file entry_16.csv (CSV, C-alpha atoms)
chain,number,residue,atom,x,y,z
G,1,MET,CA,0.0,0.0,0.0
G,2,LYS,CA,2.9,2.4,0.9
G,3,GLN,CA,4.5,1.6,-2.5
G,4,VAL,CA,1.3,2.4,-4.4
G,5,THR,CA,0.9,5.7,-2.4
G,6,THR,CA,4.5,6.7,-3.3
G,7,VAL,CA,4.0,5.9,-7.0
G,8,LEU,CA,0.7,8.0,-7.0
G,9,ALA,CA,2.5,10.9,-5.3
G,10,ILE,CA,5.2,10.9,-7.9
G,11,ALA,CA,2.7,10.7,-10.7
G,12,LEU,CA,0.8,13.7,-9.3
G,13,LEU,CA,4.0,15.7,-8.9
G,14,MET,CA,5.0,15.0,-12.5
G,15,ALA,CA,1.5,15.9,-13.7
G,16,SER,CA,1.6,19.2,-11.8
G,17,CYS,CA,5.0,20.0,-13.3
G,18,ASN,CA,3.5,19.6,-16.8
G,19,GLN,CA,0.5,21.8,-16.2
G,20,PHE,CA,0.0,24.9,-18.2
G,21,ASP,CA,-1.4,28.2,-16.8
G,22,LYS,CA,-3.6,30.5,-18.9
G,23,SER,CA,-3.0,34.1,-19.8
G,24,LYS,CA,-5.7,36.7,-19.6
G,25,SER,CA,-6.6,36.1,-23.2
G,26,GLY,CA,-6.8,32.3,-22.7
G,27,MET,CA,-3.4,31.3,-24.1
G,28,PRO,CA,-2.0,28.2,-22.4
G,29,TYR,CA,1.6,28.7,-21.3
G,30,LYS,CA,4.3,27.2,-19.0
G,31,ILE,CA,7.4,29.1,-17.8
G,32,THR,CA,10.5,27.1,-16.8
G,33,LYS,CA,12.6,29.4,-14.5
G,34,GLY,CA,16.2,29.7,-15.3
G,35,GLY,CA,17.4,30.7,-11.8
G,36,ASN,CA,17.3,34.4,-12.2
G,37,SER,CA,14.7,36.2,-9.9
G,38,THR,CA,15.1,39.7,-11.5
G,39,LEU,CA,12.1,40.2,-13.8
G,40,LEU,CA,12.2,42.2,-17.0
G,41,LYS,CA,12.1,45.9,-16.6
G,42,ASN,CA,10.5,48.5,-18.8
G,43,GLY,CA,12.8,50.1,-21.4
G,44,GLN,CA,15.2,47.1,-21.5
G,45,PHE,CA,16.0,45.6,-24.9
G,46,VAL,CA,15.4,41.8,-24.8
G,47,LYS,CA,17.4,39.2,-26.8
G,48,PHE,CA,15.5,36.0,-27.2
G,49,ASN,CA,14.9,32.9,-29.3
G,50,LEU,CA,11.5,32.0,-30.6
G,51,GLU,CA,10.0,29.0,-32.5
G,52,PHE,CA,6.6,28.1,-33.9
G,53,LYS,CA,5.6,24.6,-34.9
G,54,LEU,CA,2.4,23.5,-36.5
G,55,GLY,CA,0.7,21.1,-34.1
G,56,ALA,CA,-0.8,18.4,-36.4
G,57,LYS,CA,2.3,18.0,-38.6
G,58,ASP,CA,4.8,19.0,-35.9
G,59,SER,CA,6.6,21.0,-38.7
G,60,ILE,CA,8.6,24.1,-37.9
G,61,LEU,CA,7.0,27.3,-39.3
G,62,ASN,CA,9.8,29.5,-38.0
G,63,SER,CA,12.6,29.2,-35.6
G,64,SER,CA,15.5,31.4,-34.5
G,65,PHE,CA,17.1,28.6,-32.4
G,66,GLY,CA,20.5,27.9,-33.8
G,67,HIS,CA,20.2,30.9,-36.0
G,68,LEU,CA,19.8,34.7,-35.6
G,69,PRO,CA,18.1,35.6,-32.3
G,70,ASN,CA,15.2,38.1,-32.0
G,71,TYR,CA,15.3,41.5,-30.3
G,72,MET,CA,12.6,43.7,-28.9
G,73,LYS,CA,12.1,46.6,-26.5
G,74,TYR,CA,10.2,45.6,-23.5
G,75,ASP,CA,7.2,47.8,-22.5
G,76,SER,CA,4.7,46.3,-20.1
G,77,ALA,CA,2.1,48.9,-21.1
G,78,GLN,CA,2.1,47.7,-24.7
G,79,LEU,CA,2.0,43.9,-24.6
G,80,GLY,CA,0.3,41.8,-27.1
G,81,LYS,CA,-2.9,39.7,-26.8
G,82,TYR,CA,-2.9,36.0,-27.2
G,83,ASN,CA,0.8,35.7,-27.8
G,84,PHE,CA,3.9,35.1,-25.8
G,85,THR,CA,4.5,38.8,-25.0
G,86,GLU,CA,1.4,38.8,-22.8
G,87,VAL,CA,3.3,36.7,-20.3
G,88,LEU,CA,6.7,38.6,-20.4
G,89,PRO,CA,6.1,40.4,-17.1
G,90,LYS,CA,6.6,37.1,-15.3
G,91,CYS,CA,9.9,36.4,-17.1
G,92,ALA,CA,13.6,36.9,-16.3
G,93,VAL,CA,16.8,36.3,-18.2
G,94,GLY,CA,17.3,32.5,-18.6
G,95,ASP,CA,13.6,31.7,-18.4
G,96,LYS,CA,12.0,29.4,-21.0
G,97,MET,CA,8.4,29.5,-22.1
G,98,GLU,CA,6.2,27.0,-23.9
G,99,PHE,CA,2.8,28.1,-25.2
G,100,THR,CA,0.0,27.0,-27.4
G,101,LEU,CA,-2.1,29.0,-29.9
G,102,SER,CA,-5.4,27.6,-31.2
G,103,ILE,CA,-6.0,28.2,-34.9
G,104,ASP,CA,-9.7,28.6,-34.2
G,105,SER,CA,-9.0,31.3,-31.6
G,106,LEU,CA,-6.6,33.1,-33.9
G,107,LYS,CA,-9.3,33.1,-36.6
G,108,SER,CA,-12.0,34.4,-34.3
G,109,MET,CA,-9.7,37.2,-33.2
G,110,GLY,CA,-8.9,38.2,-36.8
G,111,MET,CA,-5.3,37.2,-36.6
G,112,ILE,CA,-5.8,34.6,-39.3
G,113,PRO,CA,-8.2,35.8,-42.0
G,114,GLU,CA,-9.3,32.4,-43.2
G,115,TYR,CA,-8.5,28.7,-42.7
G,116,ASN,CA,-6.2,27.4,-45.4
G,117,LYS,CA,-3.9,24.4,-46.2
G,118,VAL,CA,-1.5,25.5,-43.5
G,119,PHE,CA,-3.8,26.8,-40.8
G,120,THR,CA,-6.7,24.2,-40.5
G,121,LYS,CA,-9.7,24.2,-38.3
G,122,GLY,CA,-9.1,22.5,-34.9
G,123,ASP,CA,-5.3,22.6,-35.2
G,124,VAL,CA,-2.8,24.4,-32.9
G,125,ILE,CA,0.5,26.2,-33.1
G,126,LYS,CA,3.1,25.1,-30.5
G,127,GLY,CA,5.5,27.8,-29.5
G,128,LYS,CA,8.6,28.1,-27.4
G,129,MET,CA,10.9,30.9,-26.5
G,130,GLU,CA,13.9,31.5,-24.3
G,131,ILE,CA,15.2,34.9,-23.0
G,132,ILE,CA,19.0,35.0,-23.7
G,133,SER,CA,19.9,38.4,-22.3
G,134,VAL,CA,18.8,42.0,-21.8
G,135,PHE,CA,20.5,45.3,-22.8
G,136,SER,CA,19.9,48.8,-21.3
G,137,ASP,CA,21.5,50.7,-24.1
G,138,GLU,CA,20.4,50.7,-27.8
G,139,LYS,CA,23.9,51.0,-29.0
G,140,LEU,CA,24.9,47.8,-27.2
G,141,ILE,CA,22.0,45.9,-28.8
G,142,GLU,CA,22.9,47.2,-32.2
G,143,ALA,CA,26.5,46.0,-31.7
G,144,ASP,CA,25.3,42.6,-30.5
G,145,TYR,CA,22.9,42.3,-33.5
G,146,LYS,CA,25.7,43.0,-36.0
G,147,LYS,CA,27.9,40.3,-34.3
G,148,GLU,CA,25.0,37.8,-34.4
G,149,VAL,CA,24.4,38.6,-38.1
G,150,GLU,CA,28.1,38.0,-39.0
G,151,GLN,CA,28.1,34.7,-37.0
G,152,GLU,CA,25.0,33.5,-38.8
G,153,LYS,CA,26.5,34.4,-42.2
G,154,GLN,CA,29.7,32.6,-41.4
G,155,LYS,CA,27.8,29.6,-40.4
G,156,GLU,CA,25.9,29.6,-43.7
G,157,ILE,CA,29.1,30.2,-45.7
G,158,LYS,CA,30.5,27.0,-44.1
G,159,GLU,CA,27.3,25.1,-45.0
G,160,LEU,CA,27.7,26.3,-48.7
G,161,GLU,CA,31.4,25.3,-48.7
G,162,THR,CA,30.4,21.8,-47.5
G,163,TYR,CA,27.7,21.6,-50.2
G,164,MET,CA,30.2,22.7,-52.9
G,165,SER,CA,32.7,20.2,-51.7
G,166,SER,CA,30.1,17.4,-51.9
G,167,LYS,CA,29.2,18.5,-55.5
G,168,GLY,CA,32.7,19.1,-56.7
G,169,ILE,CA,31.9,22.8,-57.3
G,170,LYS,CA,34.9,25.1,-57.5
G,171,ALA,CA,33.8,28.7,-57.0
G,172,GLN,CA,35.2,32.2,-56.3
G,173,LYS,CA,34.1,34.0,-53.2
G,174,THR,CA,32.6,37.5,-53.5
G,175,PRO,CA,33.6,40.2,-50.9
G,176,GLY,CA,30.3,39.7,-49.1
G,177,GLY,CA,30.4,35.9,-48.9
G,178,ALA,CA,28.5,34.6,-51.9
G,179,PHE,CA,30.1,32.2,-54.4
G,180,VAL,CA,30.4,32.2,-58.2
G,181,GLU,CA,31.2,29.3,-60.5
G,182,ILE,CA,31.8,30.2,-64.1
G,183,SER,CA,31.1,27.4,-66.6
G,184,THR,CA,31.2,29.3,-69.9
G,185,PRO,CA,33.2,32.5,-70.0
G,186,GLY,CA,31.5,35.3,-71.9
G,187,ASP,CA,32.6,38.7,-73.3
G,188,MET,CA,34.1,40.4,-70.3
G,189,THR,CA,34.5,43.6,-72.3
G,190,LEU,CA,30.7,43.8,-71.7
G,191,LYS,CA,30.9,43.1,-68.0
G,192,ALA,CA,27.8,43.3,-65.7
G,193,ASP,CA,29.4,45.9,-63.6
G,194,SER,CA,27.8,48.4,-61.2
G,195,GLY,CA,25.3,50.6,-63.0
G,196,LYS,CA,25.0,48.2,-66.0
G,197,GLN,CA,21.8,46.4,-66.9
G,198,ALA,CA,22.1,42.6,-67.1
G,199,THR,CA,19.6,40.6,-69.0
G,200,VAL,CA,19.4,37.3,-67.2
G,201,LEU,CA,18.1,33.8,-67.6
G,202,TYR,CA,18.1,31.9,-64.3
G,203,LYS,CA,16.9,28.9,-62.3
G,204,GLY,CA,16.8,29.2,-58.5
G,205,TYR,CA,16.8,26.2,-56.2
G,206,THR,CA,17.6,25.2,-52.6
G,207,THR,CA,20.6,23.1,-51.8
G,208,ASP,CA,18.3,20.0,-51.6
G,209,GLY,CA,17.5,20.5,-55.3
G,210,LYS,CA,14.0,22.0,-55.0
G,211,VAL,CA,13.4,24.6,-57.7
G,212,PHE,CA,11.5,27.7,-56.5
G,213,ASP,CA,11.7,30.0,-59.6
G,214,SER,CA,13.0,29.8,-63.2
G,215,ASN,CA,12.7,31.6,-66.5
G,216,MET,CA,15.0,29.0,-68.3
G,217,ASP,CA,13.6,26.6,-70.9
G,218,LYS,CA,10.2,28.2,-70.6
G,219,PRO,CA,8.7,29.3,-73.9
G,220,GLY,CA,7.2,32.8,-73.6
G,221,MET,CA,9.0,33.6,-70.3
G,222,PRO,CA,11.1,36.7,-70.9
G,223,PRO,CA,14.6,37.2,-69.5
G,224,PHE,CA,14.9,39.2,-66.3
G,225,ASN,CA,16.5,42.7,-66.5
G,226,VAL,CA,18.4,43.9,-63.4
G,227,VAL,CA,20.5,47.0,-62.9
G,228,VAL,CA,23.6,45.8,-61.0
G,229,GLY,CA,24.2,47.7,-57.8
G,230,ALA,CA,20.8,49.3,-57.7
G,231,LYS,CA,19.7,47.0,-54.8
G,232,SER,CA,16.7,45.8,-56.7
G,233,VAL,CA,17.6,42.2,-56.1
G,234,ILE,CA,19.1,40.1,-53.2
G,235,PRO,CA,22.6,41.2,-52.2
G,236,GLY,CA,24.0,37.8,-53.4
G,237,TRP,CA,22.9,38.6,-56.9
G,238,ASP,CA,24.2,42.1,-56.8
G,239,GLU,CA,27.6,40.8,-55.9
G,240,GLY,CA,27.6,37.6,-58.0
G,241,LEU,CA,26.5,39.2,-61.3
G,242,ARG,CA,29.7,41.4,-61.4
G,243,PHE,CA,31.6,38.2,-62.3
G,244,PHE,CA,29.5,37.8,-65.4
G,245,GLY,CA,29.8,39.3,-68.9
G,246,LYS,CA,27.6,39.1,-72.0
G,247,GLY,CA,27.2,35.4,-72.8
G,248,THR,CA,28.6,34.1,-69.5
G,249,LYS,CA,27.0,31.0,-68.0
G,250,GLY,CA,27.6,29.9,-64.4
G,251,ARG,CA,26.2,29.6,-60.9
G,252,ILE,CA,25.7,31.9,-57.9
G,253,LEU,CA,25.5,30.3,-54.5
G,254,VAL,CA,24.0,32.6,-51.9
G,255,PRO,CA,24.1,32.3,-48.1
G,256,ALA,CA,20.7,33.0,-46.6
G,257,MET,CA,21.8,36.3,-45.0
G,258,LEU,CA,22.6,37.6,-48.5
G,259,ALA,CA,19.2,36.3,-49.8
G,260,TYR,CA,16.0,36.3,-47.8
G,261,GLY,CA,17.5,35.8,-44.3
G,262,GLN,CA,15.3,35.2,-41.3
G,263,GLN,CA,12.1,36.2,-43.1
G,264,GLY,CA,12.3,33.7,-46.0
G,265,ALA,CA,10.1,34.2,-49.1
G,266,GLY,CA,6.8,32.4,-49.1
G,267,ALA,CA,6.3,28.6,-48.7
G,268,ALA,CA,9.1,27.7,-51.1
G,269,ILE,CA,12.0,29.6,-49.3
G,270,LYS,CA,11.9,29.0,-45.6
G,271,PRO,CA,13.8,31.3,-43.2
G,272,PHE,CA,17.6,30.9,-43.2
G,273,THR,CA,17.7,29.0,-46.5
G,274,ASN,CA,20.8,29.0,-48.6
G,275,LEU,CA,20.1,29.4,-52.3
G,276,VAL,CA,21.7,28.3,-55.6
G,277,PHE,CA,21.1,30.0,-59.0
G,278,ASP,CA,22.0,28.7,-62.4
G,279,VAL,CA,22.6,32.0,-64.4
G,280,GLN,CA,23.1,33.0,-68.0
G,281,VAL,CA,23.7,36.6,-68.8
G,282,VAL,CA,22.2,37.1,-72.3
G,283,ASP,CA,23.2,40.8,-72.7
G,284,VAL,CA,24.8,43.7,-70.8
G,285,THR,CA,23.6,47.2,-71.7
G,286,THR,CA,23.3,50.7,-70.4
G,287,PRO,CA,20.0,51.0,-68.7
G,288,PRO,CA,17.5,53.5,-70.0
G,289,PRO,CA,17.2,56.7,-68.1
G,290,PRO,CA,14.5,56.8,-65.4
G,291,PRO,CA,11.3,58.4,-66.4
G,292,PRO,CA,10.9,62.1,-65.3
G,293,ALA,CA,9.3,62.5,-61.9
G,294,LYS,CA,5.6,63.3,-62.2
G,295,PRO,CA,4.5,66.6,-60.5
G,296,ASN,CA,2.8,66.2,-57.2
G,297,PRO,CA,-0.7,67.6,-57.5
G,298,MET,CA,-0.7,68.2,-53.7
G,299,GLU,CA,2.2,70.6,-53.9
G,300,MET,CA,1.5,74.3,-54.5
G,301,PRO,CA,3.3,75.7,-57.6
G,302,GLN,CA,6.0,78.2,-56.8
G,303,GLN,CA,5.0,81.8,-57.7
G,304,ALA,CA,7.4,84.3,-59.2
G,305,PRO,CA,8.2,87.2,-56.9
G,306,PRO,CA,6.3,90.4,-57.7
G,307,ALA,CA,8.0,92.7,-60.1
G,308,LYS,CA,9.5,95.9,-58.6
G,309,LYS,CA,7.7,99.1,-59.6
call {"tool": "encode", "arguments": {"input": "entry_16.csv", "output": "structure tokens"}}
result
Amino acid sequence: MKQVTTVLAIALLMASCNQFDKSKSGMPYKITKGGNSTLLKNGQFVKFNLEFKLGAKDSILNSSFGHLPNYMKYDSAQLGKYNFTEVLPKCAVGDKMEFTLSIDSLKSMGMIPEYNKVFTKGDVIKGKMEIISVFSDEKLIEADYKKEVEQEKQKEIKELETYMSSKGIKAQKTPGGAFVEISTPGDMTLKADSGKQATVLYKGYTTDGKVFDSNMDKPGMPPFNVVVGAKSVIPGWDEGLRFFGKGTKGRILVPAMLAYGQQGAGAAIKPFTNLVFDVQVVDVTTPPPPPPAKPNPMEMPQQAPPAKK
């Protein structure tokens, strides 16, 4: 009987440890304390990791763990509703939080317009976050962010180097950290240098071979015009195209932080995804001059000063 009582007590203790509280808006959450009793203070800049998983498929929607952390300014008067920020007043540096978001609740609150293939009726989003550190000065957090960005980029560069080694790709490294492999040299007297317009055929894919965009071998699909250095494309392209001339064929390999970074781009390009582009520069020309600026009808025309009598 004593043994049964002991087993029951242990079971109840474990169950209580796994219980979730509920925020004011009804979000289930659980905080695992990290040993620091000093709670967050207004005005502090918080550095934290955050992850969202889709409950039914247990697939990651977004995660900063192992990548670039998140940053935010903590203000207890402007906390969110039905998200992890609602519970931040109870947190300190080192604390970890688990929380669950109901898709149905998100829809009823207008946070999700409609059910779709990703967010289905009755499903949940499982979240977790961890507070890494806090900063009192904005300059300190800016310096820390730059350091984290560089660390993430160097990590991605190493991943691309491993990928290139496995594929036997020999490439040149651009100043920013992209890689360029030239398979067919072109006319480098017509180089896609800064300020020039490159007319490009391309195929973009992830390092696991999944194509996300292409205008190659597609009848009726026009080449893509890009003015090099105008920052109208991802930084990896702006750097990589400078190694191409008219008629050059090759490949540009782009670390995520020189592509779509922590945001990703739609369902095809997830956050922190390194990209590869097969590229052919069809032509290099001087771009046409920009169209003249249209007058703003809201601005009053300048009047000439009255003539002296």
call {"tool": "residues_around", "arguments": {"input": "entry_16.csv", "residues": "Lys117 of chain G", "least_positions_apart": "3", "cutoff": "12 Å", "atoms": "all atoms listed in the file", "output": "PDB file with C-alpha atoms, in the coordinates of the input"}}
result
ATOM      1  CA  LEU G  54       2.400  23.500 -36.500  1.00  0.00           C
ATOM      2  CA  ALA G  56      -0.800  18.400 -36.400  1.00  0.00           C
ATOM      3  CA  LYS G  57       2.300  18.000 -38.600  1.00  0.00           C
ATOM      4  CA  GLU G 114      -9.300  32.400 -43.200  1.00  0.00           C
ATOM      5  CA  THR G 120      -6.700  24.200 -40.500  1.00  0.00           C
ATOM      6  CA  LYS G 121      -9.700  24.200 -38.300  1.00  0.00           C
ATOM      7  CA  ASP G 123      -5.300  22.600 -35.200  1.00  0.00           C
ATOM      8  CA  ALA G 267       6.300  28.600 -48.700  1.00  0.00           C
TER       9      ALA G 267
END
call {"tool": "closest_residue", "arguments": {"input": "entry_16.csv", "among": "G:Asn36, G:Ser133, G:Gln280, G:Thr273", "to": "Ser183 of chain G", "atoms": "only C-alpha atoms"}}
result
G:Gln280
call {"tool": "atom_distance", "arguments": {"input": "entry_16.csv", "atom1": "atom CA of Asp75 of chain G", "atom2": "atom CA of Val46 of chain G"}}
result
10.4 Å
call {"tool": "closest_residue", "arguments": {"input": "entry_16.csv", "among": "G:Val211, G:Leu101, G:Cys91, G:Val233", "to": "Ser76 of chain G", "atoms": "only C-alpha atoms"}}
result
G:Cys91
call {"tool": "closest_residue", "arguments": {"input": "entry_16.csv", "among": "G:Pro175, G:Pro292, G:Pro28, G:Gly195", "to": "Gly229 of chain G", "atoms": "only C-alpha atoms"}}
result
G:Gly195
call {"tool": "residues_around", "arguments": {"input": "entry_16.csv", "residues": "Ser102 of chain G", "least_positions_apart": "6", "cutoff": "8 Å", "atoms": "all atoms listed in the file", "output": "number ranges by chain"}}
result
G: 122-125
call {"tool": "atom_distance", "arguments": {"input": "entry_16.csv", "atom1": "atom CA of Gly236 of chain G", "atom2": "atom CA of Leu258 of chain G"}}
result
5.1 Å
call {"tool": "closest_residue", "arguments": {"input": "entry_16.csv", "among": "G:Lys246, G:Lys191, G:Lys33, G:Lys41", "to": "Lys73 of chain G", "atoms": "only C-alpha atoms"}}
result
G:Lys41
call {"tool": "build_atoms", "arguments": {"input": "entry_16.csv", "residues": "segment 233-266 of chain G", "atoms": "N, CA and C atoms", "output": "tab-separated table (two decimals), in the coordinates of the input"}}
result
chain	number	residue	atom	x	y	z
G	233	VAL	N	17.62	43.61	-56.28
G	233	VAL	CA	17.60	42.20	-56.10
G	233	VAL	C	18.34	41.82	-54.82
G	234	ILE	N	18.38	40.55	-54.45
G	234	ILE	CA	19.10	40.10	-53.20
G	234	ILE	C	20.54	40.48	-53.31
G	235	PRO	N	21.20	40.78	-52.19
G	235	PRO	CA	22.60	41.20	-52.20
G	235	PRO	C	23.52	40.14	-52.89
G	236	GLY	N	23.20	38.84	-52.75
G	236	GLY	CA	24.00	37.80	-53.40
G	236	GLY	C	24.06	37.92	-54.89
G	237	TRP	N	22.95	38.35	-55.49
G	237	TRP	CA	22.90	38.60	-56.90
G	237	TRP	C	23.70	39.84	-57.30
G	238	ASP	N	23.50	40.89	-56.55
G	238	ASP	CA	24.20	42.10	-56.80
G	238	ASP	C	25.73	41.92	-56.83
G	239	GLU	N	26.21	41.07	-55.93
G	239	GLU	CA	27.60	40.80	-55.90
G	239	GLU	C	28.04	39.78	-56.96
G	240	GLY	N	27.25	38.73	-57.12
G	240	GLY	CA	27.60	37.60	-58.00
G	240	GLY	C	27.60	38.02	-59.49
G	241	LEU	N	26.65	38.86	-59.90
G	241	LEU	CA	26.50	39.20	-61.30
G	241	LEU	C	27.74	39.99	-61.83
G	242	ARG	N	28.50	40.62	-60.94
G	242	ARG	CA	29.70	41.40	-61.40
G	242	ARG	C	30.77	40.49	-61.93
G	243	PHE	N	30.66	39.17	-61.71
G	243	PHE	CA	31.60	38.20	-62.30
G	243	PHE	C	31.22	37.74	-63.65
G	244	PHE	N	30.08	38.22	-64.16
G	244	PHE	CA	29.50	37.80	-65.40
G	244	PHE	C	29.69	38.86	-66.50
G	245	GLY	N	29.83	38.43	-67.75
G	245	GLY	CA	29.80	39.30	-68.90
G	245	GLY	C	28.71	38.82	-69.85
G	246	LYS	N	28.57	39.51	-70.97
G	246	LYS	CA	27.60	39.10	-72.00
G	246	LYS	C	27.95	37.66	-72.45
G	247	GLY	N	26.98	36.74	-72.35
G	247	GLY	CA	27.20	35.40	-72.80
G	247	GLY	C	27.73	34.44	-71.72
G	248	THR	N	28.07	34.96	-70.54
G	248	THR	CA	28.60	34.10	-69.50
G	248	THR	C	27.53	33.22	-68.89
G	249	LYS	N	27.90	31.97	-68.65
G	249	LYS	CA	27.00	31.00	-68.00
G	249	LYS	C	27.73	30.56	-66.68
G	250	GLY	N	26.97	30.35	-65.65
G	250	GLY	CA	27.60	29.90	-64.40
G	250	GLY	C	26.55	29.70	-63.31
G	251	ARG	N	27.04	29.84	-62.09
G	251	ARG	CA	26.20	29.60	-60.90
G	251	ARG	C	26.56	30.54	-59.82
G	252	ILE	N	25.53	31.03	-59.12
G	252	ILE	CA	25.70	31.90	-57.90
G	252	ILE	C	25.15	31.15	-56.74
G	253	LEU	N	25.97	30.96	-55.72
G	253	LEU	CA	25.50	30.30	-54.50
G	253	LEU	C	25.48	31.35	-53.39
G	254	VAL	N	24.31	31.46	-52.77
G	254	VAL	CA	24.00	32.60	-51.90
G	254	VAL	C	23.70	32.14	-50.48
G	255	PRO	N	24.48	32.56	-49.47
G	255	PRO	CA	24.10	32.30	-48.10
G	255	PRO	C	22.79	33.03	-47.76
G	256	ALA	N	22.01	32.48	-46.85
G	256	ALA	CA	20.70	33.00	-46.60
G	256	ALA	C	20.72	34.51	-46.19
G	257	MET	N	21.75	34.95	-45.44
G	257	MET	CA	21.80	36.30	-45.00
G	257	MET	C	22.12	37.28	-46.14
G	258	LEU	N	22.48	36.76	-47.32
G	258	LEU	CA	22.60	37.60	-48.50
G	258	LEU	C	21.45	37.32	-49.48
G	259	ALA	N	20.43	36.59	-48.97
G	259	ALA	CA	19.20	36.30	-49.80
G	259	ALA	C	18.02	36.80	-49.00
G	260	TYR	N	17.21	35.87	-48.46
G	260	TYR	CA	16.00	36.30	-47.80
G	260	TYR	C	16.04	36.14	-46.27
G	261	GLY	N	17.23	35.77	-45.75
G	261	GLY	CA	17.50	35.80	-44.30
G	261	GLY	C	16.49	35.14	-43.44
G	262	GLN	N	16.20	35.80	-42.32
G	262	GLN	CA	15.30	35.20	-41.30
G	262	GLN	C	13.85	35.30	-41.68
G	263	GLN	N	13.52	36.04	-42.73
G	263	GLN	CA	12.10	36.20	-43.10
G	263	GLN	C	11.70	35.06	-44.10
G	264	GLY	N	12.64	34.60	-44.95
G	264	GLY	CA	12.30	33.70	-46.00
G	264	GLY	C	11.45	34.38	-47.07
G	265	ALA	N	10.90	33.60	-48.00
G	265	ALA	CA	10.10	34.20	-49.10
G	265	ALA	C	9.01	33.18	-49.47
G	266	GLY	N	7.86	33.28	-48.84
G	266	GLY	CA	6.80	32.40	-49.10
G	266	GLY	C	7.03	30.97	-48.63
